[in-house]
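Peer 1: Sharing a structure here in structure tokens format.
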Amino acid sequence: SQLARAFPNTLEGAEKILLLERIYKLLTRGERTSNVGSPIISLLISAYGALGRYGDAKRVFDSLEGPSDAGCLRAILFACGNTSPPKWEEALGLLHSSDIVGESIGPTHVDAIAVSNAMIACAKADEWEEALQLLRLYGGNRTSIV
């Protein structure tokens, strides 16, 4: 967590990915959990997502040992919507099958940012009904969706 906060915000694109990949490769298998490595892993997933590199983002997401956390889920759903063509079906599958660590289990723990990122992936693929269905499904529960 301190490492992620100390990470230079001035790095962009390939330079950012190179540094994050070097740090990521230093993580042991046991450190590739949401409790330990999540800040670096979510930054790396987001960096790949920003460049539209869904395959690389998914590879890193899949390397998590155990359940994901909200940051990693948000990042992979962002990557789903920022690739061409958008991976809307993958976004729905990831959202609906998420195993987020937290106080509650299942859809009631998925936060507004994750749902919004999945909705954006659907909308970019002109799957408006799917996006609206997410709002109906997750908008009325105890998430922070407004």
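Quick note on naming: the chains in the structure tokens go A, B, ... in the order shown, residues restart at 1 in each chain, and ligands are numbered from 1 in order of appearance.
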Just the residues within 7 Å of Ala121 of chain A, please, counting only C-alpha atoms, with nothing from its chain fewer than 5 positions along; format it as a list in words.
Peer 2: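 The residues satisfying every condition are Cys80, Gly81, Pro86, Lys87, Trp88 and Ala91 of chain A.
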Peer 1: Got time to write the residues from that selection, C-alpha atoms, as an mmCIF file, in the first residue's frame?
Peer 2:
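Once written, again_32.cif looks like this:
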data_model
loop_
_atom_site.group_PDB
_atom_site.id
_atom_site.type_symbol
_atom_site.label_atom_id
_atom_site.label_comp_id
_atom_site.auth_asym_id
_atom_site.auth_seq_id
_atom_site.Cartn_x
_atom_site.Cartn_y
_atom_site.Cartn_z
ATOM 1 C CA CYS A 80 -12.790 -4.577 -20.551
ATOM 2 C CA GLY A 81 -14.301 -1.283 -21.633
ATOM 3 C CA PRO A 86 -14.994 -3.809 -25.828
ATOM 4 C CA LYS A 87 -15.092 -7.057 -23.853
ATOM 5 C CA TRP A 88 -18.624 -6.510 -22.529
ATOM 6 C CA ALA A 91 -17.090 -7.693 -18.015
#
Peer 1: Please provide as a list in words all residues within 12 Å of Glu130 of chain A, with the sequence filter that same-chain residues fewer than 6 positions apart are discarded (counting only C-alpha atoms).
Peer 2: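 Selected residues are Trp88, Glu89, Ala91, Leu92, Gly93, Val115, Ala118, Met119, Ile120, Ala121, Cys122, Ala123, Lys124, Arg136 and Leu137 of chain A.
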Peer 1: Where in segment 11-76 of chain A does DSSP assign alpha helix (DSSP H), given as a PyMOL selection string?
Peer 2: chain A and resi 13-26+38-50+54-62+70-76
Peer 1: Between A:Leu26, A:Leu43, A:Val36, A:Leu134, which one has atoms that come closest to Gly71 of chain A, using only C-alpha atoms?
Peer 2: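 Checking each of A:Leu26, A:Leu43, A:Val36, A:Leu134 against Gly71 of chain A, counting only C-alpha atoms, the winner is A:Leu43.
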Peer 1: Report, in Å with one decimal, the straight-line distance from atom CA of Arg74 of chain A to atom CA of Asp126 of chain A.
Peer 2: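 If I compute the distance from atom CA of Arg74 of chain A to atom CA of Asp126 of chain A, I get 20.6 Å.
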Peer 1: Which neighbours of Leu44 of chain A fall inside 9 Å, counting only C-alpha atoms, when residues of the same chain fewer than 6 positions from it are skipped, and could you give them as a list in words?
Peer 2: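 So, after excluding close chain neighbours, the residues are Lys16, Ile17, Leu20, Glu21, Tyr24, Ala57, Val60 and Ala75 of chain A.
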Peer 1: Could you work out how far atom CA of Asp69 of chain A lies from atom CA of Gly30 of chain A, giving the answer in Å with one decimal?
Peer 2: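 Taking atom CA of Gly30 of chain A and atom CA of Asp69 of chain A, their separation equals 15.4 Å.
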